[in-house]
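*Asks:* Before I ask anything, let me first share the structure, which is written out below as structure tokens.
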Amino acid sequence: MSTVEAGTTSPQSILPVRSGLDAVSFRSAMRQFVGSVSVVTTWHGQRPWGMTINSFTSVCMDPPTILVCLNARTLTASHVRSCGRFGVNLLSRDQRPISELCARPEVDKYIEEHVVAPRGPSRDAGPPQLLGSLAAFDCRTIEQITVGSHLVAIAVVEAVDLPGAAAPLLYGQGRYMDGIESTGLT
Ligand SMILES: Cc1cc2nc3c(=O)[nH]c(=O)nc-3n(C[C@H](O)[C@H](O)[C@H](O)COP(=O)(O)O)c2cc1C
């Protein structure tokens with residue numbers, strides 16, 4: 001894979017882009033980013049599985065498109081790569097325990113007790129949905145790009161569920177944060 005200079009990329013460029021910035025500076029700067037916490041859900045065999053992320057971003061409205069960045073070494077990235085379908089669940093502040101459960105490295109992340117029925121995959125069931133999420137997105141991958149250590153999965157959103165309003169779970173500066181009250185769905 002070839003390397004190109006930052007600032008000279010065209011949409012067809014081959015990644016990765018070379019940068020002079022060191023990893024420590026980049027990590028320190030990114031720690032200042034505060035964002036909402038989500039869990040990406042997939043089926044692992046017949047069982048629901050989840051991984052905590054904060055790299056969820058809306059790409060465009062038409063078609064409704066999102067992206068997530070997943071460490072390519074994780075089982076979740078393998079699921080997304082092979083199946084092409086995944087869920088994104090935006091967490092409420094009350095869901096911090098499930099966020100912690102789904103962020104533990106190198107342990108199983110089965111989430112049977114936390115999902116809305118059906119608790120097993122069926123042809124049309126879609127990805128597992130977490131109980132108590134602010135919003136659940138049913139996503140189908142349209143593009144997968146490997147950038148350094150991560151898989152960037154760009155996906156069209158085929159369905160959403162908005163179970164209810166609550167304060168969001170936020171993460172930044174290396175910790176979970178409180179502070180934003182829900183103003184309800186608009
Ligand atoms: C708040 C928070 C946000 C995270 N965001 C991401 C993310 O966007 N992408 C990612 O690959 N890992 C992210 N992680 C780390 C993964 O949750 C963690 O590495 C993963 O669960 C480990 O999976 P493994 O057991 O398959 O290695 C985040 C962790 C936390 C606590």
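Ordering of the structure tokens sets the chain letters (A, B, ...), residue numbers begin anew at 1 in every chain, and ligands are numbered from 1 in the order given.
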Write out as a PDB file with N, CA and C atoms, in the first residue's frame each polymer residue (protein, DNA or RNA) that has an atom no more than 9 Å from ligand 1, with only C-alpha atoms and all ligand atoms counted.
*Replies:*
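selection.pdb, written as the output of this step:
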```pdb
ATOM      1  N   GLY A  35     -17.509  13.219  23.749  1.00  0.00           N
ATOM      2  CA  GLY A  35     -18.551  12.737  22.845  1.00  0.00           C
ATOM      3  C   GLY A  35     -19.474  11.757  23.531  1.00  0.00           C
ATOM      4  N   SER A  36     -20.555  11.444  22.859  1.00  0.00           N
ATOM      5  CA  SER A  36     -21.503  10.486  23.433  1.00  0.00           C
ATOM      6  C   SER A  36     -20.980   9.070  23.221  1.00  0.00           C
ATOM      7  N   VAL A  37     -21.435   8.190  24.085  1.00  0.00           N
ATOM      8  CA  VAL A  37     -20.962   6.801  24.077  1.00  0.00           C
ATOM      9  C   VAL A  37     -22.034   5.911  23.447  1.00  0.00           C
ATOM     10  N   SER A  38     -21.585   4.988  22.601  1.00  0.00           N
ATOM     11  CA  SER A  38     -22.484   4.037  21.937  1.00  0.00           C
ATOM     12  C   SER A  38     -21.951   2.630  22.124  1.00  0.00           C
ATOM     13  N   VAL A  39     -22.830   1.662  21.880  1.00  0.00           N
ATOM     14  CA  VAL A  39     -22.386   0.267  21.805  1.00  0.00           C
ATOM     15  C   VAL A  39     -22.757  -0.259  20.421  1.00  0.00           C
ATOM     16  N   GLY A  50     -21.646  -7.003  22.144  1.00  0.00           N
ATOM     17  CA  GLY A  50     -21.549  -5.546  22.035  1.00  0.00           C
ATOM     18  C   GLY A  50     -20.166  -5.010  22.337  1.00  0.00           C
ATOM     19  N   MET A  51     -19.809  -3.910  21.700  1.00  0.00           N
ATOM     20  CA  MET A  51     -18.525  -3.239  21.966  1.00  0.00           C
ATOM     21  C   MET A  51     -18.745  -1.731  22.078  1.00  0.00           C
ATOM     22  N   THR A  52     -18.186  -1.156  23.122  1.00  0.00           N
ATOM     23  CA  THR A  52     -18.327   0.281  23.389  1.00  0.00           C
ATOM     24  C   THR A  52     -17.478   1.095  22.416  1.00  0.00           C
ATOM     25  N   ILE A  53     -18.078   2.151  21.885  1.00  0.00           N
ATOM     26  CA  ILE A  53     -17.340   3.061  21.002  1.00  0.00           C
ATOM     27  C   ILE A  53     -17.748   4.510  21.281  1.00  0.00           C
ATOM     28  N   ASN A  54     -16.907   5.439  20.847  1.00  0.00           N
ATOM     29  CA  ASN A  54     -17.333   6.843  20.793  1.00  0.00           C
ATOM     30  C   ASN A  54     -17.017   7.448  19.428  1.00  0.00           C
ATOM     31  N   SER A  55     -16.782   6.575  18.453  1.00  0.00           N
ATOM     32  CA  SER A  55     -16.415   7.049  17.110  1.00  0.00           C
ATOM     33  C   SER A  55     -17.605   7.064  16.158  1.00  0.00           C
ATOM     34  N   PHE A  56     -18.792   7.089  16.706  1.00  0.00           N
ATOM     35  CA  PHE A  56     -20.004   7.116  15.877  1.00  0.00           C
ATOM     36  C   PHE A  56     -20.230   8.525  15.347  1.00  0.00           C
ATOM     37  N   VAL A  68     -18.554   4.302  11.789  1.00  0.00           N
ATOM     38  CA  VAL A  68     -17.927   3.937  13.062  1.00  0.00           C
ATOM     39  C   VAL A  68     -16.499   3.493  12.766  1.00  0.00           C
ATOM     40  N   CYS A  69     -15.607   3.692  13.733  1.00  0.00           N
ATOM     41  CA  CYS A  69     -14.209   3.272  13.591  1.00  0.00           C
ATOM     42  C   CYS A  69     -13.945   2.193  14.640  1.00  0.00           C
ATOM     43  N   LEU A  70     -13.553   1.012  14.192  1.00  0.00           N
ATOM     44  CA  LEU A  70     -13.386  -0.139  15.080  1.00  0.00           C
ATOM     45  C   LEU A  70     -11.974  -0.665  14.980  1.00  0.00           C
ATOM     46  N   ASN A  71     -11.356  -0.873  16.133  1.00  0.00           N
ATOM     47  CA  ASN A  71     -10.036  -1.506  16.116  1.00  0.00           C
ATOM     48  C   ASN A  71     -10.128  -2.809  15.329  1.00  0.00           C
ATOM     49  N   ALA A  72      -9.317  -2.921  14.301  1.00  0.00           N
ATOM     50  CA  ALA A  72      -9.450  -4.053  13.372  1.00  0.00           C
ATOM     51  C   ALA A  72      -9.159  -5.394  14.033  1.00  0.00           C
ATOM     52  N   ARG A  73      -8.495  -5.374  15.205  1.00  0.00           N
ATOM     53  CA  ARG A  73      -8.167  -6.645  15.868  1.00  0.00           C
ATOM     54  C   ARG A  73      -9.330  -7.177  16.695  1.00  0.00           C
ATOM     55  N   THR A  74     -10.391  -6.377  16.885  1.00  0.00           N
ATOM     56  CA  THR A  74     -11.477  -6.825  17.751  1.00  0.00           C
ATOM     57  C   THR A  74     -12.393  -7.796  17.015  1.00  0.00           C
ATOM     58  N   LEU A  75     -13.053  -8.624  17.828  1.00  0.00           N
ATOM     59  CA  LEU A  75     -14.023  -9.560  17.270  1.00  0.00           C
ATOM     60  C   LEU A  75     -15.168  -8.792  16.613  1.00  0.00           C
ATOM     61  N   THR A  76     -15.516  -7.655  17.192  1.00  0.00           N
ATOM     62  CA  THR A  76     -16.606  -6.849  16.634  1.00  0.00           C
ATOM     63  C   THR A  76     -16.279  -6.401  15.211  1.00  0.00           C
ATOM     64  N   ALA A  77     -15.044  -5.961  14.997  1.00  0.00           N
ATOM     65  CA  ALA A  77     -14.643  -5.559  13.643  1.00  0.00           C
ATOM     66  C   ALA A  77     -14.747  -6.748  12.690  1.00  0.00           C
ATOM     67  N   SER A  99     -21.805   0.108  29.226  1.00  0.00           N
ATOM     68  CA  SER A  99     -20.641   0.669  28.538  1.00  0.00           C
ATOM     69  C   SER A  99     -19.355   0.052  29.080  1.00  0.00           C
ATOM     70  N   GLU A 100     -19.284  -0.049  30.411  1.00  0.00           N
ATOM     71  CA  GLU A 100     -18.072  -0.623  31.025  1.00  0.00           C
ATOM     72  C   GLU A 100     -17.933  -2.102  30.664  1.00  0.00           C
ATOM     73  N   LEU A 101     -19.055  -2.815  30.672  1.00  0.00           N
ATOM     74  CA  LEU A 101     -19.035  -4.238  30.309  1.00  0.00           C
ATOM     75  C   LEU A 101     -18.505  -4.430  28.887  1.00  0.00           C
ATOM     76  N   CYS A 102     -18.975  -3.587  27.979  1.00  0.00           N
ATOM     77  CA  CYS A 102     -18.641  -3.765  26.554  1.00  0.00           C
ATOM     78  C   CYS A 102     -17.320  -3.097  26.170  1.00  0.00           C
ATOM     79  N   ALA A 103     -16.611  -2.555  27.147  1.00  0.00           N
ATOM     80  CA  ALA A 103     -15.305  -1.938  26.874  1.00  0.00           C
ATOM     81  C   ALA A 103     -14.154  -2.770  27.429  1.00  0.00           C
ATOM     82  N   ARG A 104     -14.477  -3.856  28.134  1.00  0.00           N
ATOM     83  CA  ARG A 104     -13.405  -4.644  28.748  1.00  0.00           C
ATOM     84  C   ARG A 104     -12.614  -5.370  27.669  1.00  0.00           C
ATOM     85  N   PRO A 105     -11.309  -5.155  27.619  1.00  0.00           N
ATOM     86  CA  PRO A 105     -10.520  -5.772  26.558  1.00  0.00           C
ATOM     87  C   PRO A 105     -10.316  -7.268  26.777  1.00  0.00           C
ATOM     88  N   GLU A 106     -10.337  -7.966  25.664  1.00  0.00           N
ATOM     89  CA  GLU A 106      -9.978  -9.386  25.624  1.00  0.00           C
ATOM     90  C   GLU A 106     -10.808 -10.266  26.550  1.00  0.00           C
ATOM     91  N   VAL A 107     -12.073  -9.900  26.736  1.00  0.00           N
ATOM     92  CA  VAL A 107     -13.014 -10.814  27.406  1.00  0.00           C
ATOM     93  C   VAL A 107     -14.273 -10.876  26.542  1.00  0.00           C
ATOM     94  N   ASP A 108     -15.053 -11.940  26.750  1.00  0.00           N
ATOM     95  CA  ASP A 108     -16.306 -12.063  26.008  1.00  0.00           C
ATOM     96  C   ASP A 108     -17.221 -10.895  26.338  1.00  0.00           C
ATOM     97  N   LYS A 109     -17.949 -10.431  25.345  1.00  0.00           N
ATOM     98  CA  LYS A 109     -18.861  -9.300  25.542  1.00  0.00           C
ATOM     99  C   LYS A 109     -20.275  -9.684  25.103  1.00  0.00           C
ATOM    100  N   SER A 149      -4.676   1.166  12.310  1.00  0.00           N
ATOM    101  CA  SER A 149      -5.134   0.046  13.144  1.00  0.00           C
ATOM    102  C   SER A 149      -6.636  -0.198  13.061  1.00  0.00           C
ATOM    103  N   HIS A 150      -7.393   0.690  12.418  1.00  0.00           N
ATOM    104  CA  HIS A 150      -8.845   0.646  12.536  1.00  0.00           C
ATOM    105  C   HIS A 150      -9.568   0.375  11.216  1.00  0.00           C
ATOM    106  N   LEU A 151     -10.705  -0.276  11.388  1.00  0.00           N
ATOM    107  CA  LEU A 151     -11.645  -0.451  10.281  1.00  0.00           C
ATOM    108  C   LEU A 151     -12.666   0.685  10.347  1.00  0.00           C
ATOM    109  N   LEU A 170     -21.756  10.526  28.385  1.00  0.00           N
ATOM    110  CA  LEU A 170     -20.662  11.215  27.692  1.00  0.00           C
ATOM    111  C   LEU A 170     -19.322  10.697  28.189  1.00  0.00           C
ATOM    112  N   TYR A 171     -18.322  10.811  27.324  1.00  0.00           N
ATOM    113  CA  TYR A 171     -16.958  10.401  27.700  1.00  0.00           C
ATOM    114  C   TYR A 171     -15.971  11.397  27.112  1.00  0.00           C
ATOM    115  N   GLY A 172     -15.011  11.815  27.927  1.00  0.00           N
ATOM    116  CA  GLY A 172     -13.958  12.702  27.446  1.00  0.00           C
ATOM    117  C   GLY A 172     -12.962  12.941  28.558  1.00  0.00           C
ATOM    118  N   GLY A 174     -10.610  11.263  29.399  1.00  0.00           N
ATOM    119  CA  GLY A 174     -10.277  10.001  30.051  1.00  0.00           C
ATOM    120  C   GLY A 174     -11.279   9.508  31.069  1.00  0.00           C
ATOM    121  N   ARG A 175     -12.514  10.034  31.056  1.00  0.00           N
ATOM    122  CA  ARG A 175     -13.494   9.599  32.058  1.00  0.00           C
ATOM    123  C   ARG A 175     -14.916   9.822  31.551  1.00  0.00           C
ATOM    124  N   TYR A 176     -15.839   9.101  32.212  1.00  0.00           N
ATOM    125  CA  TYR A 176     -17.251   9.353  31.943  1.00  0.00           C
ATOM    126  C   TYR A 176     -17.624  10.686  32.563  1.00  0.00           C
TER     127      TYR A 176
END
```
*Asks:* Would you please extract all strand (DSSP E or B) residues from segment 19-179 of chain A, as assigned by DSSP on the backbone, and give them as a ChimeraX atom specification?
*Replies:* /A:35-36,38-44,47-53,57-60,65-71,85-90,92,110,115,130,135-147,150-161,168,170-172,175-177
*Asks:* Give me, as a PyMOL selection string, all polymer residues having an atom no more than 12 Å from Arg27 of chain A, counting only C-alpha atoms and skipping those fewer than 4 positions away in the same chain.
*Replies:* chain A and resi 21-23+31-33+172-174
*Asks:* Rank A:Arg140, A:His114, A:Arg18, A:Arg96 by their smallest atom-to-atom distance to Leu169 of chain A, using only C-alpha atoms, and report the top residue only.
*Replies:*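 For Leu169 of chain A, the nearest of the given residues is A:Arg96.
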*Asks:* Residues of chain A in helix (DSSP H, G or I) according to DSSP, as a list in words?
*Replies:*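 Result set for chain A (helix (DSSP H, G or I)): Ala23, Val24, Ser25, Phe26, Arg27, Ser28, Ala29, Met30, Leu75, Thr76, Ala77, Ser78, His79, Val80, Arg81, Ser82, Cys83, Arg93, Asp94, Gln95, Arg96, Pro97, Ile98, Ser99, Glu100, Leu101, Glu112, Glu113 and His114 of chain A.
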*Asks:* Write out, as a PDB file, in the first residue's frame, the residues just selected, with N, CA and C atoms.
*Replies:*
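The result, written out as selection_39.pdb:
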```pdb
ATOM      1  N   ALA A  23       2.470  10.381  18.288  1.00  0.00           N
ATOM      2  CA  ALA A  23       1.280   9.736  18.864  1.00  0.00           C
ATOM      3  C   ALA A  23       0.894  10.343  20.210  1.00  0.00           C
ATOM      4  N   VAL A  24       1.890  10.733  21.010  1.00  0.00           N
ATOM      5  CA  VAL A  24       1.582  11.277  22.344  1.00  0.00           C
ATOM      6  C   VAL A  24       0.818  12.593  22.211  1.00  0.00           C
ATOM      7  N   SER A  25       1.274  13.468  21.321  1.00  0.00           N
ATOM      8  CA  SER A  25       0.585  14.754  21.121  1.00  0.00           C
ATOM      9  C   SER A  25      -0.824  14.532  20.604  1.00  0.00           C
ATOM     10  N   PHE A  26      -0.948  13.613  19.668  1.00  0.00           N
ATOM     11  CA  PHE A  26      -2.274  13.348  19.101  1.00  0.00           C
ATOM     12  C   PHE A  26      -3.211  12.821  20.186  1.00  0.00           C
ATOM     13  N   ARG A  27      -2.714  11.856  20.983  1.00  0.00           N
ATOM     14  CA  ARG A  27      -3.556  11.279  22.042  1.00  0.00           C
ATOM     15  C   ARG A  27      -3.960  12.347  23.062  1.00  0.00           C
ATOM     16  N   SER A  28      -3.008  13.201  23.439  1.00  0.00           N
ATOM     17  CA  SER A  28      -3.309  14.262  24.417  1.00  0.00           C
ATOM     18  C   SER A  28      -4.378  15.201  23.887  1.00  0.00           C
ATOM     19  N   ALA A  29      -4.280  15.555  22.638  1.00  0.00           N
ATOM     20  CA  ALA A  29      -5.277  16.456  22.047  1.00  0.00           C
ATOM     21  C   ALA A  29      -6.632  15.771  21.961  1.00  0.00           C
ATOM     22  N   MET A  30      -6.636  14.506  21.554  1.00  0.00           N
ATOM     23  CA  MET A  30      -7.910  13.800  21.403  1.00  0.00           C
ATOM     24  C   MET A  30      -8.597  13.549  22.733  1.00  0.00           C
ATOM     25  N   LEU A  75     -13.053  -8.624  17.828  1.00  0.00           N
ATOM     26  CA  LEU A  75     -14.023  -9.560  17.270  1.00  0.00           C
ATOM     27  C   LEU A  75     -15.168  -8.792  16.613  1.00  0.00           C
ATOM     28  N   THR A  76     -15.516  -7.655  17.192  1.00  0.00           N
ATOM     29  CA  THR A  76     -16.606  -6.849  16.634  1.00  0.00           C
ATOM     30  C   THR A  76     -16.279  -6.401  15.211  1.00  0.00           C
ATOM     31  N   ALA A  77     -15.044  -5.961  14.997  1.00  0.00           N
ATOM     32  CA  ALA A  77     -14.643  -5.559  13.643  1.00  0.00           C
ATOM     33  C   ALA A  77     -14.747  -6.748  12.690  1.00  0.00           C
ATOM     34  N   SER A  78     -14.366  -7.934  13.163  1.00  0.00           N
ATOM     35  CA  SER A  78     -14.480  -9.135  12.308  1.00  0.00           C
ATOM     36  C   SER A  78     -15.938  -9.411  11.965  1.00  0.00           C
ATOM     37  N   HIS A  79     -16.817  -9.269  12.967  1.00  0.00           N
ATOM     38  CA  HIS A  79     -18.248  -9.491  12.712  1.00  0.00           C
ATOM     39  C   HIS A  79     -18.751  -8.519  11.652  1.00  0.00           C
ATOM     40  N   VAL A  80     -18.418  -7.242  11.827  1.00  0.00           N
ATOM     41  CA  VAL A  80     -18.902  -6.209  10.901  1.00  0.00           C
ATOM     42  C   VAL A  80     -18.355  -6.479   9.505  1.00  0.00           C
ATOM     43  N   ARG A  81     -17.086  -6.857   9.444  1.00  0.00           N
ATOM     44  CA  ARG A  81     -16.450  -7.117   8.149  1.00  0.00           C
ATOM     45  C   ARG A  81     -17.139  -8.280   7.433  1.00  0.00           C
ATOM     46  N   SER A  82     -17.428  -9.339   8.179  1.00  0.00           N
ATOM     47  CA  SER A  82     -17.944 -10.541   7.516  1.00  0.00           C
ATOM     48  C   SER A  82     -19.453 -10.475   7.283  1.00  0.00           C
ATOM     49  N   CYS A  83     -20.178  -9.797   8.165  1.00  0.00           N
ATOM     50  CA  CYS A  83     -21.653  -9.842   8.073  1.00  0.00           C
ATOM     51  C   CYS A  83     -22.218  -8.615   7.372  1.00  0.00           C
ATOM     52  N   ARG A  93     -27.232   7.986  30.320  1.00  0.00           N
ATOM     53  CA  ARG A  93     -26.349   8.043  31.486  1.00  0.00           C
ATOM     54  C   ARG A  93     -26.520   6.809  32.381  1.00  0.00           C
ATOM     55  N   ASP A  94     -27.749   6.276  32.429  1.00  0.00           N
ATOM     56  CA  ASP A  94     -28.014   5.096  33.267  1.00  0.00           C
ATOM     57  C   ASP A  94     -27.366   3.827  32.727  1.00  0.00           C
ATOM     58  N   GLN A  95     -26.881   3.879  31.503  1.00  0.00           N
ATOM     59  CA  GLN A  95     -26.302   2.679  30.888  1.00  0.00           C
ATOM     60  C   GLN A  95     -24.780   2.598  31.033  1.00  0.00           C
ATOM     61  N   ARG A  96     -24.235   3.360  31.937  1.00  0.00           N
ATOM     62  CA  ARG A  96     -22.782   3.285  32.147  1.00  0.00           C
ATOM     63  C   ARG A  96     -22.296   1.851  32.423  1.00  0.00           C
ATOM     64  N   PRO A  97     -23.037   1.031  33.220  1.00  0.00           N
ATOM     65  CA  PRO A  97     -22.553  -0.338  33.446  1.00  0.00           C
ATOM     66  C   PRO A  97     -22.407  -1.144  32.163  1.00  0.00           C
ATOM     67  N   ILE A  98     -23.331  -0.979  31.218  1.00  0.00           N
ATOM     68  CA  ILE A  98     -23.209  -1.744  29.959  1.00  0.00           C
ATOM     69  C   ILE A  98     -22.046  -1.202  29.129  1.00  0.00           C
ATOM     70  N   SER A  99     -21.805   0.108  29.226  1.00  0.00           N
ATOM     71  CA  SER A  99     -20.641   0.669  28.538  1.00  0.00           C
ATOM     72  C   SER A  99     -19.355   0.052  29.080  1.00  0.00           C
ATOM     73  N   GLU A 100     -19.284  -0.049  30.411  1.00  0.00           N
ATOM     74  CA  GLU A 100     -18.072  -0.623  31.025  1.00  0.00           C
ATOM     75  C   GLU A 100     -17.933  -2.102  30.664  1.00  0.00           C
ATOM     76  N   LEU A 101     -19.055  -2.815  30.672  1.00  0.00           N
ATOM     77  CA  LEU A 101     -19.035  -4.238  30.309  1.00  0.00           C
ATOM     78  C   LEU A 101     -18.505  -4.430  28.887  1.00  0.00           C
ATOM     79  N   GLU A 112     -26.753 -10.820  26.552  1.00  0.00           N
ATOM     80  CA  GLU A 112     -28.125 -11.355  26.577  1.00  0.00           C
ATOM     81  C   GLU A 112     -29.046 -10.608  27.529  1.00  0.00           C
ATOM     82  N   GLU A 113     -28.549 -10.293  28.738  1.00  0.00           N
ATOM     83  CA  GLU A 113     -29.409  -9.694  29.766  1.00  0.00           C
ATOM     84  C   GLU A 113     -29.767  -8.249  29.435  1.00  0.00           C
ATOM     85  N   HIS A 114     -29.145  -7.669  28.431  1.00  0.00           N
ATOM     86  CA  HIS A 114     -29.310  -6.234  28.166  1.00  0.00           C
ATOM     87  C   HIS A 114     -30.037  -5.943  26.860  1.00  0.00           C
TER      88      HIS A 114
END
```
*Asks:* Please, what distance in Å, to one decimal, runs between atom CA of Pro63 of chain A and atom CA of Phe137 of chain A?
*Replies:*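 Answer for the atom CA of Pro63 of chain A to atom CA of Phe137 of chain A separation: 13.9 Å.
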*Asks:* Compare A:Ser92, A:Ser133, A:Thr65, A:Thr146 by their minimum atom-to-atom distance to Ala159 of chain A, counting only C-alpha atoms, and give me the closest one.
*Replies:* A:Thr65
*Asks:* Which residues come within 12 Å of Pro48 of chain A, counting only C-alpha atoms, excluding same-chain residues fewer than 6 positions away, as an MDAnalysis selection string?
*Replies:* chainID A and resid 39:42 76 79 86:87 102 108:122 125:130
*Asks:* Can you measure atom CA of Glu158 of chain A to atom CA of Val34 of chain A for me? One decimal in Å is fine.
*Replies:*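 These two atoms are separated by 27.3 Å.
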